[in-house]
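Text of final02.pdb (PDB, C-alpha atoms and all ligand atoms) as supplied:
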ATOM      1  CA  MET A 121     -10.249   1.257 -17.549  1.00  0.00           C
ATOM      2  CA  VAL A 122      -8.158  -1.630 -16.172  1.00  0.00           C
ATOM      3  CA  GLN A 123      -7.579  -5.020 -17.756  1.00  0.00           C
ATOM      4  CA  LEU A 124      -5.379  -7.791 -16.490  1.00  0.00           C
ATOM      5  CA  PHE A 125      -4.869 -10.730 -18.750  1.00  0.00           C
ATOM      6  CA  ARG A 126      -3.159 -13.863 -17.401  1.00  0.00           C
ATOM      7  CA  VAL A 127      -1.033 -11.791 -15.016  1.00  0.00           C
ATOM      8  CA  ALA A 128       1.498 -13.388 -12.696  1.00  0.00           C
ATOM      9  CA  LYS A 129       4.017 -11.851 -10.344  1.00  0.00           C
ATOM     10  CA  ILE A 130       6.935 -13.861  -9.037  1.00  0.00           C
ATOM     11  CA  TYR A 131       9.180 -12.131  -6.500  1.00  0.00           C
ATOM     12  CA  PRO A 132      12.784 -13.272  -6.582  1.00  0.00           C
ATOM     13  CA  PRO A 133      13.980 -15.878  -6.144  1.00  0.00           C
ATOM     14  CA  ASN A 134      10.694 -17.675  -6.890  1.00  0.00           C
ATOM     15  CA  TYR A 135       7.805 -16.548  -4.687  1.00  0.00           C
ATOM     16  CA  PRO A 136       4.528 -16.532  -6.629  1.00  0.00           C
ATOM     17  CA  ALA A 137       2.667 -13.497  -5.219  1.00  0.00           C
ATOM     18  CA  LEU A 138       0.049 -13.425  -8.016  1.00  0.00           C
ATOM     19  CA  LYS A 139      -0.993 -16.273 -10.288  1.00  0.00           C
ATOM     20  CA  ASP A 140      -2.983 -16.231 -13.497  1.00  0.00           C
ATOM     21  CA  ILE A 141      -5.066 -13.119 -12.777  1.00  0.00           C
ATOM     22  CA  TYR A 142      -7.820 -12.079 -15.178  1.00  0.00           C
ATOM     23  CA  LEU A 143      -9.659  -8.916 -14.215  1.00  0.00           C
ATOM     24  CA  GLN A 144     -11.602  -6.232 -16.015  1.00  0.00           C
ATOM     25  CA  ILE A 145     -12.641  -2.989 -14.376  1.00  0.00           C
ATOM     26  CA  ASP A 146     -14.845  -0.630 -16.345  1.00  0.00           C
ATOM     27  CA  LYS A 147     -14.675   3.144 -16.309  1.00  0.00           C
ATOM     28  CA  GLY A 148     -16.557   4.516 -13.324  1.00  0.00           C
ATOM     29  CA  GLU A 149     -16.555   1.343 -11.238  1.00  0.00           C
ATOM     30  CA  PHE A 150     -15.726   1.206  -7.527  1.00  0.00           C
ATOM     31  CA  VAL A 151     -13.951  -2.039  -6.739  1.00  0.00           C
ATOM     32  CA  PHE A 152     -12.629  -3.378  -3.457  1.00  0.00           C
ATOM     33  CA  VAL A 153      -9.658  -5.737  -3.538  1.00  0.00           C
ATOM     34  CA  ASN A 154     -10.093  -7.957  -0.541  1.00  0.00           C
ATOM     35  CA  GLY A 155      -8.241 -10.909   0.929  1.00  0.00           C
ATOM     36  CA  PRO A 156      -6.129 -11.927   3.910  1.00  0.00           C
ATOM     37  CA  SER A 157      -2.676 -10.596   4.694  1.00  0.00           C
ATOM     38  CA  GLY A 158      -0.171 -11.781   2.121  1.00  0.00           C
ATOM     39  CA  ALA A 159      -2.857 -12.540  -0.492  1.00  0.00           C
ATOM     40  CA  GLY A 160      -1.328 -10.161  -3.044  1.00  0.00           C
ATOM     41  CA  LYS A 161      -3.512  -7.024  -2.768  1.00  0.00           C
ATOM     42  CA  THR A 162      -0.630  -4.555  -2.540  1.00  0.00           C
ATOM     43  CA  THR A 163       1.247  -6.407  -5.267  1.00  0.00           C
ATOM     44  CA  LEU A 164      -1.774  -6.097  -7.573  1.00  0.00           C
ATOM     45  CA  LEU A 165      -1.982  -2.329  -7.042  1.00  0.00           C
ATOM     46  CA  ARG A 166       1.790  -1.909  -7.410  1.00  0.00           C
ATOM     47  CA  LEU A 167       1.645  -3.632 -10.781  1.00  0.00           C
ATOM     48  CA  LEU A 168      -0.936  -1.087 -11.940  1.00  0.00           C
ATOM     49  CA  PHE A 169       1.317   1.917 -11.353  1.00  0.00           C
ATOM     50  CA  ARG A 170       4.410   0.027 -12.413  1.00  0.00           C
ATOM     51  CA  ALA A 171       6.099   0.049  -9.020  1.00  0.00           C
ATOM     52  CA  GLU A 172       6.542  -3.641  -9.904  1.00  0.00           C
ATOM     53  CA  ASP A 173       6.778  -5.304 -13.303  1.00  0.00           C
ATOM     54  CA  ALA A 174       4.491  -8.226 -14.054  1.00  0.00           C
ATOM     55  CA  SER A 175       6.361 -11.501 -14.523  1.00  0.00           C
ATOM     56  CA  GLU A 176       3.784 -12.728 -17.011  1.00  0.00           C
ATOM     57  CA  GLY A 177       0.675 -11.493 -18.794  1.00  0.00           C
ATOM     58  CA  GLN A 178      -0.598  -8.149 -20.030  1.00  0.00           C
ATOM     59  CA  ILE A 179      -1.925  -5.156 -18.127  1.00  0.00           C
ATOM     60  CA  VAL A 180      -3.865  -2.342 -19.742  1.00  0.00           C
ATOM     61  CA  VAL A 181      -4.574   0.844 -17.776  1.00  0.00           C
ATOM     62  CA  ASN A 182      -6.614   3.616 -19.342  1.00  0.00           C
ATOM     63  CA  GLY A 183      -6.162   2.147 -22.799  1.00  0.00           C
ATOM     64  CA  ARG A 184      -2.392   1.819 -22.525  1.00  0.00           C
ATOM     65  CA  ASN A 185      -0.552  -1.478 -22.351  1.00  0.00           C
ATOM     66  CA  ILE A 186       1.678  -0.794 -19.364  1.00  0.00           C
ATOM     67  CA  THR A 187       3.645  -4.007 -19.589  1.00  0.00           C
ATOM     68  CA  ARG A 188       5.926  -2.367 -22.137  1.00  0.00           C
ATOM     69  CA  LEU A 189       6.647   1.181 -21.064  1.00  0.00           C
ATOM     70  CA  ASP A 190       9.887   3.125 -20.960  1.00  0.00           C
ATOM     71  CA  GLY A 191      10.654   5.584 -18.164  1.00  0.00           C
ATOM     72  CA  LYS A 192       8.765   8.364 -19.935  1.00  0.00           C
ATOM     73  CA  GLY A 193       5.736   6.117 -20.370  1.00  0.00           C
ATOM     74  CA  VAL A 194       5.763   5.185 -16.682  1.00  0.00           C
ATOM     75  CA  ALA A 195       5.870   8.869 -15.732  1.00  0.00           C
ATOM     76  CA  GLU A 196       2.909   9.571 -18.057  1.00  0.00           C
ATOM     77  CA  LEU A 197       0.979   6.637 -16.602  1.00  0.00           C
ATOM     78  CA  ARG A 198       1.483   7.839 -13.037  1.00  0.00           C
ATOM     79  CA  ARG A 199       0.289  11.326 -13.950  1.00  0.00           C
ATOM     80  CA  GLU A 200      -3.077   9.835 -14.831  1.00  0.00           C
ATOM     81  CA  LEU A 201      -3.400   8.032 -11.498  1.00  0.00           C
ATOM     82  CA  GLY A 202      -4.212   9.125  -7.976  1.00  0.00           C
ATOM     83  CA  LEU A 203      -2.329   7.051  -5.409  1.00  0.00           C
ATOM     84  CA  VAL A 204      -3.258   6.781  -1.734  1.00  0.00           C
ATOM     85  CA  PHE A 205      -1.289   4.677   0.732  1.00  0.00           C
ATOM     86  CA  GLN A 206      -1.855   3.454   4.262  1.00  0.00           C
ATOM     87  CA  GLU A 207       1.123   5.397   5.575  1.00  0.00           C
ATOM     88  CA  PHE A 208       0.167   8.704   3.866  1.00  0.00           C
ATOM     89  CA  LYS A 209       3.698   9.420   2.560  1.00  0.00           C
ATOM     90  CA  LEU A 210       3.468  13.191   3.007  1.00  0.00           C
ATOM     91  CA  LEU A 211       6.530  15.438   3.034  1.00  0.00           C
ATOM     92  CA  PRO A 212       6.961  16.422   6.696  1.00  0.00           C
ATOM     93  CA  THR A 213       8.713  19.752   6.153  1.00  0.00           C
ATOM     94  CA  MET A 214       6.084  21.119   3.780  1.00  0.00           C
ATOM     95  CA  THR A 215       2.683  22.459   4.781  1.00  0.00           C
ATOM     96  CA  ALA A 216      -0.521  20.605   3.922  1.00  0.00           C
ATOM     97  CA  LEU A 217      -1.165  23.090   1.115  1.00  0.00           C
ATOM     98  CA  GLU A 218       2.358  22.719  -0.272  1.00  0.00           C
ATOM     99  CA  ASN A 219       2.123  18.918  -0.178  1.00  0.00           C
ATOM    100  CA  VAL A 220      -1.005  19.008  -2.327  1.00  0.00           C
ATOM    101  CA  ALA A 221       0.152  21.844  -4.611  1.00  0.00           C
ATOM    102  CA  LEU A 222       3.482  20.156  -5.300  1.00  0.00           C
ATOM    103  CA  ALA A 223       1.715  17.213  -6.951  1.00  0.00           C
ATOM    104  CA  ALA A 224       0.156  19.638  -9.451  1.00  0.00           C
ATOM    105  CA  GLN A 225       3.371  21.598  -9.973  1.00  0.00           C
ATOM    106  CA  VAL A 226       5.371  18.504 -10.884  1.00  0.00           C
ATOM    107  CA  VAL A 227       3.034  17.865 -13.813  1.00  0.00           C
ATOM    108  CA  GLY A 228       3.513  21.398 -15.119  1.00  0.00           C
ATOM    109  CA  VAL A 229       0.695  23.380 -13.495  1.00  0.00           C
ATOM    110  CA  SER A 230       1.815  26.900 -12.531  1.00  0.00           C
ATOM    111  CA  ARG A 231       2.669  27.596  -8.916  1.00  0.00           C
ATOM    112  CA  GLN A 232      -0.282  29.917  -8.474  1.00  0.00           C
ATOM    113  CA  GLU A 233      -2.813  27.589 -10.103  1.00  0.00           C
ATOM    114  CA  SER A 234      -1.452  24.622  -8.109  1.00  0.00           C
ATOM    115  CA  LYS A 235      -1.975  26.501  -4.878  1.00  0.00           C
ATOM    116  CA  ARG A 236      -5.459  27.540  -5.913  1.00  0.00           C
ATOM    117  CA  LYS A 237      -6.427  23.928  -6.674  1.00  0.00           C
ATOM    118  CA  ALA A 238      -4.870  22.675  -3.426  1.00  0.00           C
ATOM    119  CA  PHE A 239      -6.686  25.358  -1.473  1.00  0.00           C
ATOM    120  CA  HIS A 240     -10.090  24.361  -2.853  1.00  0.00           C
ATOM    121  CA  LEU A 241      -9.534  20.648  -2.382  1.00  0.00           C
ATOM    122  CA  LEU A 242      -8.386  21.003   1.215  1.00  0.00           C
ATOM    123  CA  ARG A 243     -11.421  23.122   1.935  1.00  0.00           C
ATOM    124  CA  GLU A 244     -13.664  20.529   0.366  1.00  0.00           C
ATOM    125  CA  LEU A 245     -12.072  17.809   2.494  1.00  0.00           C
ATOM    126  CA  GLY A 246     -12.728  19.788   5.660  1.00  0.00           C
ATOM    127  CA  LEU A 247      -9.192  21.041   6.204  1.00  0.00           C
ATOM    128  CA  LYS A 248      -9.779  24.736   5.732  1.00  0.00           C
ATOM    129  CA  ASP A 249      -7.966  25.634   8.937  1.00  0.00           C
ATOM    130  CA  LYS A 250      -5.037  23.305   8.336  1.00  0.00           C
ATOM    131  CA  HIS A 251      -3.496  24.679   5.136  1.00  0.00           C
ATOM    132  CA  ASP A 252      -0.371  25.850   6.874  1.00  0.00           C
ATOM    133  CA  ALA A 253       0.012  22.900   9.222  1.00  0.00           C
ATOM    134  CA  ARG A 254       2.868  20.467   8.647  1.00  0.00           C
ATOM    135  CA  PRO A 255       1.953  16.761   8.532  1.00  0.00           C
ATOM    136  CA  PRO A 256       3.592  15.802  11.860  1.00  0.00           C
ATOM    137  CA  THR A 257       1.222  18.205  13.635  1.00  0.00           C
ATOM    138  CA  LEU A 258      -1.899  16.719  11.997  1.00  0.00           C
ATOM    139  CA  SER A 259      -3.957  13.771  13.233  1.00  0.00           C
ATOM    140  CA  GLY A 260      -3.947  10.526  11.252  1.00  0.00           C
ATOM    141  CA  GLY A 261      -7.319  11.270   9.678  1.00  0.00           C
ATOM    142  CA  GLU A 262      -6.221  14.774   8.724  1.00  0.00           C
ATOM    143  CA  GLN A 263      -2.998  13.464   7.185  1.00  0.00           C
ATOM    144  CA  GLN A 264      -4.961  10.909   5.217  1.00  0.00           C
ATOM    145  CA  ARG A 265      -7.262  13.636   3.898  1.00  0.00           C
ATOM    146  CA  VAL A 266      -4.226  15.663   2.804  1.00  0.00           C
ATOM    147  CA  ALA A 267      -2.943  12.528   1.061  1.00  0.00           C
ATOM    148  CA  ILE A 268      -6.324  12.094  -0.648  1.00  0.00           C
ATOM    149  CA  ALA A 269      -6.306  15.759  -1.727  1.00  0.00           C
ATOM    150  CA  ARG A 270      -2.840  15.206  -3.179  1.00  0.00           C
ATOM    151  CA  ALA A 271      -4.076  12.146  -5.063  1.00  0.00           C
ATOM    152  CA  LEU A 272      -7.009  14.104  -6.509  1.00  0.00           C
ATOM    153  CA  VAL A 273      -5.370  17.397  -7.390  1.00  0.00           C
ATOM    154  CA  ASN A 274      -4.664  16.383 -10.985  1.00  0.00           C
ATOM    155  CA  GLU A 275      -8.186  15.001 -11.459  1.00  0.00           C
ATOM    156  CA  PRO A 276      -7.114  11.410 -12.110  1.00  0.00           C
ATOM    157  CA  MET A 277      -9.295   8.991 -14.081  1.00  0.00           C
ATOM    158  CA  LEU A 278      -8.283   6.186 -11.754  1.00  0.00           C
ATOM    159  CA  VAL A 279      -7.590   6.242  -8.020  1.00  0.00           C
ATOM    160  CA  LEU A 280      -5.622   3.376  -6.472  1.00  0.00           C
ATOM    161  CA  ALA A 281      -5.804   3.210  -2.691  1.00  0.00           C
ATOM    162  CA  ASP A 282      -3.964   0.641  -0.588  1.00  0.00           C
ATOM    163  CA  GLU A 283      -5.458   0.176   2.902  1.00  0.00           C
ATOM    164  CA  PRO A 284      -6.215   3.919   3.102  1.00  0.00           C
ATOM    165  CA  THR A 285      -8.052   3.478   6.382  1.00  0.00           C
ATOM    166  CA  GLY A 286      -5.572   1.065   7.955  1.00  0.00           C
ATOM    167  CA  ASN A 287      -4.123   3.642  10.348  1.00  0.00           C
ATOM    168  CA  LEU A 288      -7.391   5.352  11.258  1.00  0.00           C
ATOM    169  CA  ASP A 289      -9.908   4.889  14.053  1.00  0.00           C
ATOM    170  CA  ALA A 290     -13.313   3.475  13.124  1.00  0.00           C
ATOM    171  CA  GLU A 291     -15.062   6.822  12.798  1.00  0.00           C
ATOM    172  CA  THR A 292     -12.330   8.484  10.725  1.00  0.00           C
ATOM    173  CA  ALA A 293     -12.074   5.344   8.613  1.00  0.00           C
ATOM    174  CA  GLU A 294     -15.791   5.572   7.869  1.00  0.00           C
ATOM    175  CA  GLU A 295     -15.475   9.250   6.906  1.00  0.00           C
ATOM    176  CA  THR A 296     -12.539   8.464   4.659  1.00  0.00           C
ATOM    177  CA  MET A 297     -14.499   5.695   2.952  1.00  0.00           C
ATOM    178  CA  ARG A 298     -17.330   8.150   2.315  1.00  0.00           C
ATOM    179  CA  LEU A 299     -14.822  10.474   0.711  1.00  0.00           C
ATOM    180  CA  PHE A 300     -13.820   7.731  -1.702  1.00  0.00           C
ATOM    181  CA  LEU A 301     -17.467   7.118  -2.534  1.00  0.00           C
ATOM    182  CA  LYS A 302     -17.908  10.823  -3.222  1.00  0.00           C
ATOM    183  CA  ILE A 303     -14.903  10.764  -5.547  1.00  0.00           C
ATOM    184  CA  HIS A 304     -16.478   7.783  -7.267  1.00  0.00           C
ATOM    185  CA  GLU A 305     -19.831   9.516  -7.657  1.00  0.00           C
ATOM    186  CA  ARG A 306     -18.072  12.180  -9.707  1.00  0.00           C
ATOM    187  CA  GLY A 307     -17.124   9.530 -12.231  1.00  0.00           C
ATOM    188  CA  THR A 308     -13.676   8.524 -11.022  1.00  0.00           C
ATOM    189  CA  THR A 309     -12.818   4.840 -11.139  1.00  0.00           C
ATOM    190  CA  VAL A 310     -11.637   3.636  -7.730  1.00  0.00           C
ATOM    191  CA  LEU A 311      -9.727   0.486  -6.829  1.00  0.00           C
ATOM    192  CA  LEU A 312      -9.304   0.135  -3.089  1.00  0.00           C
ATOM    193  CA  ALA A 313      -7.415  -2.653  -1.322  1.00  0.00           C
ATOM    194  CA  THR A 314      -8.509  -3.590   2.159  1.00  0.00           C
ATOM    195  CA  HIS A 315      -8.415  -6.692   4.331  1.00  0.00           C
ATOM    196  CA  ASP A 316     -11.448  -5.361   6.230  1.00  0.00           C
ATOM    197  CA  THR A 317     -14.472  -7.423   5.226  1.00  0.00           C
ATOM    198  CA  GLY A 318     -16.779  -5.180   7.303  1.00  0.00           C
ATOM    199  CA  VAL A 319     -16.407  -2.273   4.848  1.00  0.00           C
ATOM    200  CA  LEU A 320     -17.385  -4.464   1.946  1.00  0.00           C
ATOM    201  CA  LYS A 321     -20.645  -5.361   3.577  1.00  0.00           C
ATOM    202  CA  ARG A 322     -21.386  -1.771   4.569  1.00  0.00           C
ATOM    203  CA  PHE A 323     -20.610  -0.217   1.207  1.00  0.00           C
ATOM    204  CA  GLY A 324     -21.964  -2.924  -1.056  1.00  0.00           C
ATOM    205  CA  CYS A 325     -19.610  -2.201  -3.978  1.00  0.00           C
ATOM    206  CA  ARG A 326     -18.046  -4.740  -6.279  1.00  0.00           C
ATOM    207  CA  ALA A 327     -15.394  -6.758  -4.472  1.00  0.00           C
ATOM    208  CA  VAL A 328     -12.766  -9.110  -5.844  1.00  0.00           C
ATOM    209  CA  PHE A 329     -11.148 -11.591  -3.496  1.00  0.00           C
ATOM    210  CA  LEU A 330      -7.551 -12.703  -3.531  1.00  0.00           C
ATOM    211  CA  GLN A 331      -6.228 -15.714  -1.703  1.00  0.00           C
ATOM    212  CA  ARG A 332      -2.605 -16.818  -1.855  1.00  0.00           C
ATOM    213  CA  GLY A 333      -2.120 -14.905  -5.080  1.00  0.00           C
ATOM    214  CA  GLU A 334      -5.194 -16.251  -6.819  1.00  0.00           C
ATOM    215  CA  LEU A 335      -8.357 -14.374  -7.684  1.00  0.00           C
ATOM    216  CA  VAL A 336     -10.908 -16.624  -6.031  1.00  0.00           C
ATOM    217  CA  GLY A 337     -14.044 -14.486  -6.148  1.00  0.00           C
ATOM    218  CA  ASP A 338     -15.687 -11.510  -7.818  1.00  0.00           C
ATOM    219  CA  SER A 339     -19.035 -10.249  -6.545  1.00  0.00           C
ATOM    220  CA  LYS A 340     -19.788  -8.809 -10.000  1.00  0.00           C
ATOM    221  CA  GLN A 341     -19.621 -12.192 -11.651  1.00  0.00           C
ATOM    222  CA  GLU A 342     -21.510 -13.822  -8.819  1.00  0.00           C
ATOM    223  CA  SER A 343     -24.410 -11.388  -8.972  1.00  0.00           C
ATOM    224  CA  GLY A 344     -24.260 -10.986 -12.727  1.00  0.00           C
ATOM    225  CA  GLU A 345     -23.901  -7.221 -12.466  1.00  0.00           C
ATOM    226  CA  ALA A 346     -22.093  -4.601 -10.430  1.00  0.00           C
ATOM    227  CA  ARG A 347     -24.147  -2.948  -7.779  1.00  0.00           C
ATOM    228  CA  LEU A 348     -22.376   0.351  -8.278  1.00  0.00           C
TER     229      LEU A 348
HETATM  230  N1  LIG B   1       9.378  -7.207  -2.566  1.00  0.00           N
HETATM  231  C1  LIG B   1       9.006  -8.451  -2.232  1.00  0.00           C
HETATM  232  N2  LIG B   1       9.873  -9.489  -2.299  1.00  0.00           N
HETATM  233  C2  LIG B   1       9.499 -10.744  -1.975  1.00  0.00           C
HETATM  234  N3  LIG B   1       8.250 -11.081  -1.575  1.00  0.00           N
HETATM  235  C3  LIG B   1       7.356 -10.108  -1.499  1.00  0.00           C
HETATM  236  C4  LIG B   1       7.660  -8.743  -1.808  1.00  0.00           C
HETATM  237  N4  LIG B   1       6.550  -7.993  -1.632  1.00  0.00           N
HETATM  238  C5  LIG B   1       5.595  -8.848  -1.213  1.00  0.00           C
HETATM  239  N5  LIG B   1       6.072 -10.103  -1.135  1.00  0.00           N
HETATM  240  C6  LIG B   1       5.299 -11.289  -0.751  1.00  0.00           C
HETATM  241  O1  LIG B   1       4.204 -11.431  -1.627  1.00  0.00           O
HETATM  242  C7  LIG B   1       3.033 -11.818  -0.912  1.00  0.00           C
HETATM  243  C8  LIG B   1       1.919 -10.827  -1.185  1.00  0.00           C
HETATM  244  O2  LIG B   1       2.261  -9.595  -0.595  1.00  0.00           O
HETATM  245  P1  LIG B   1       1.306  -8.334  -0.632  1.00  0.00           P
HETATM  246  O3  LIG B   1       2.014  -7.231   0.045  1.00  0.00           O
HETATM  247  O4  LIG B   1       0.861  -8.115  -2.024  1.00  0.00           O
HETATM  248  O5  LIG B   1       0.083  -8.854   0.245  1.00  0.00           O
HETATM  249  P2  LIG B   1      -1.203  -8.066   0.775  1.00  0.00           P
HETATM  250  O6  LIG B   1      -2.392  -8.827   0.325  1.00  0.00           O
HETATM  251  O7  LIG B   1      -1.106  -6.650   0.400  1.00  0.00           O
HETATM  252  O8  LIG B   1      -1.058  -8.233   2.363  1.00  0.00           O
HETATM  253  P3  LIG B   1      -1.466  -7.218   3.563  1.00  0.00           P
HETATM  254  O9  LIG B   1      -2.940  -7.374   3.781  1.00  0.00           O
HETATM  255  O10 LIG B   1      -0.674  -7.733   4.717  1.00  0.00           O
HETATM  256  O11 LIG B   1      -1.061  -5.842   3.133  1.00  0.00           O
HETATM  257  C9  LIG B   1       3.439 -11.900   0.557  1.00  0.00           C
HETATM  258  O12 LIG B   1       3.643 -13.251   0.900  1.00  0.00           O
HETATM  259  C10 LIG B   1       4.726 -11.119   0.629  1.00  0.00           C
HETATM  260  O13 LIG B   1       5.593 -11.661   1.617  1.00  0.00           O
HETATM  261 MG    MG B   2      -0.940  -4.896   1.465  1.00  0.00          MG
END

Starting from the file, give its structure as structure tokens.
Amino acid sequence: MVQLFRVAKIYPPNYPALKDIYLQIDKGEFVFVNGPSGAGKTTLLRLLFRAEDASEGQIVVNGRNITRLDGKGVAELRRELGLVFQEFKLLPTMTALENVALAAQVVGVSRQESKRKAFHLLRELGLKDKHDARPPTLSGGEQQRVAIARALVNEPMLVLADEPTGNLDAETAEETMRLFLKIHERGTTVLLATHDTGVLKRFGCRAVFLQRGELVGDSKQESGEARL
């Protein structure tokens, strides 16, 4: 599903944020990207949806070499991904339902079908009563669930989540993590960056560790097999 081969990222003028990364993630895996602040977790995820270009190496996502893509190719790539960020990034003037439906509409799903899909997802995520609420009137956990619904509405093969629980209290963070596990159980591949080592222990999934831009550990290689 995801392959990185000898990948490096150097931010101008010459800051090496990622060095010589080799990583393979199979279809259906759940992988945590862990490491201290500044280790390169966000950079790694941004490379995968081409928010940043790799400085060196090759990246394959869903069978497509994304190191050489034109604008159309980047748009196609992003359509296949579900992206979740720490700061939600919802449109404040649209309702929860509209925020989710819009993501389907922009890839060509009819207005009516988009709304139907958004409606079902929000209900599934426990936001039945919040369809018409605008993000500024929702709690952090509710906003994050809307953001997750938006990421899932096009049934992506791969979900990339960057510190999705970073702005949530412990209980809501736990619920949100369970949501990601549920998504994973349906067969979606999930790559989730977090600096929280507690979650790794609790959820027991594969974890790769970054330190100063280097991949210094992978629980899959250490145990010989992925636990999930
Ligand atoms: N656009 C940029 N230009 C220059 N340097 C950058 C840029 N983005 C990130 N960096 C640097 O690259 C390094 C890795 O950053 P990154 O955001 O990937 O870390 P992170 O592991 O996600 O950290 P955190 O846990 O704080 O989110 C940091 O030292 C950061 O200062
Ligand atoms: Mg980060």

Item to complete: Just the residues within 12 Å of range 146-150 of chain A, please, counting all atoms listed in the file, with nothing from its chain fewer than 4 positions along; format it as a PyMOL selection string.
Response: chain A and resi 121-124+180-183+276-281+297+300-313+320+323-328+339-340+345-348

Would you mind listing the residues within 7 Å of ligand MG 2 (chain B), counting only C-alpha atoms and all ligand atoms, as an mmCIF file with C-alpha atoms, in the frame of the given file?
data_model
loop_
_atom_site.group_PDB
_atom_site.id
_atom_site.type_symbol
_atom_site.label_atom_id
_atom_site.label_comp_id
_atom_site.auth_asym_id
_atom_site.auth_seq_id
_atom_site.Cartn_x
_atom_site.Cartn_y
_atom_site.Cartn_z
ATOM 1 C CA SER A 157 -2.676 -10.596 4.694
ATOM 2 C CA GLY A 158 -0.171 -11.781 2.121
ATOM 3 C CA GLY A 160 -1.328 -10.161 -3.044
ATOM 4 C CA LYS A 161 -3.512 -7.024 -2.768
ATOM 5 C CA THR A 162 -0.630 -4.555 -2.540
ATOM 6 C CA ASP A 282 -3.964 0.641 -0.588
ATOM 7 C CA GLU A 283 -5.458 0.176 2.902
#

Fill in: Residue IDs satisfying the PyMOL selection byres (((not hetatm)) within 10 of (chain B and resi 1)), as a count of residues only
39

Box along x, y and z, 4 Å on every side, all listed atoms of range 156-163 of chain A inside: centre and edge lengths in Å to one decimal, as lines of an AutoDock Vina configuration file.
center_x = -2.4
center_y = -8.5
center_z = -0.3
size_x = 15.4
size_y = 16.0
size_z = 18.0

Item to complete: Have a look at CA of Asp190 in chain A and CA of Arg170 in chain A and let me know their distance in Å, one decimal.
Response: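 It comes out at 10.6 Å.
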
Worksheet item: Any idea what the distance is between CA of Glu196 in chain A and CA of Ile268 in chain A?
Response: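 Between CA of Glu196 in chain A and CA of Ile268 in chain A the gap is 19.9 Å.
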
Applied to this file, what does the PyMOL selection byres (((chain A and resi 247) around 10) and not hetatm) return in terms of residues, put as a compact mmCIF listing (two decimals) with C-alpha atoms, keeping the file's coordinate frame?
# COMPACT_ATOMS: atom_id res chain seq x y z
CA ALA A 216 -0.52 20.60 3.92
CA LEU A 217 -1.16 23.09 1.12
CA PHE A 239 -6.69 25.36 -1.47
CA HIS A 240 -10.09 24.36 -2.85
CA LEU A 241 -9.53 20.65 -2.38
CA LEU A 242 -8.39 21.00 1.22
CA ARG A 243 -11.42 23.12 1.94
CA GLU A 244 -13.66 20.53 0.37
CA LEU A 245 -12.07 17.81 2.49
CA GLY A 246 -12.73 19.79 5.66
CA LYS A 248 -9.78 24.74 5.73
CA ASP A 249 -7.97 25.63 8.94
CA LYS A 250 -5.04 23.30 8.34
CA HIS A 251 -3.50 24.68 5.14
CA ALA A 253 0.01 22.90 9.22
CA GLU A 262 -6.22 14.77 8.72
CA GLN A 263 -3.00 13.46 7.18
CA ARG A 265 -7.26 13.64 3.90
CA VAL A 266 -4.23 15.66 2.80
CA ALA A 269 -6.31 15.76 -1.73

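Taking CA of Ser259 in chain A and CA of Thr292 in chain A as endpoints, the distance between them is 10.2 Å.
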
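Nearest residue to Ile179 in chain A among A:Leu299, A:Leu143, A:Ala267, A:Val227 is A:Leu143, counting only C-alpha atoms.
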
Practice prompt. Pull out every residue that the PyMOL selection byres (((chain A and resi 178) around 9) and not hetatm) matches in the shown coordinates and put them as a list in words.
Written response: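 Output of the PyMOL selection byres (((chain A and resi 178) around 9) and not hetatm): Gln123, Leu124, Phe125, Arg126, Val127, Ala174, Glu176, Gly177, Ile179, Val180, Asn185, Ile186, Thr187 and Arg188 of chain A.
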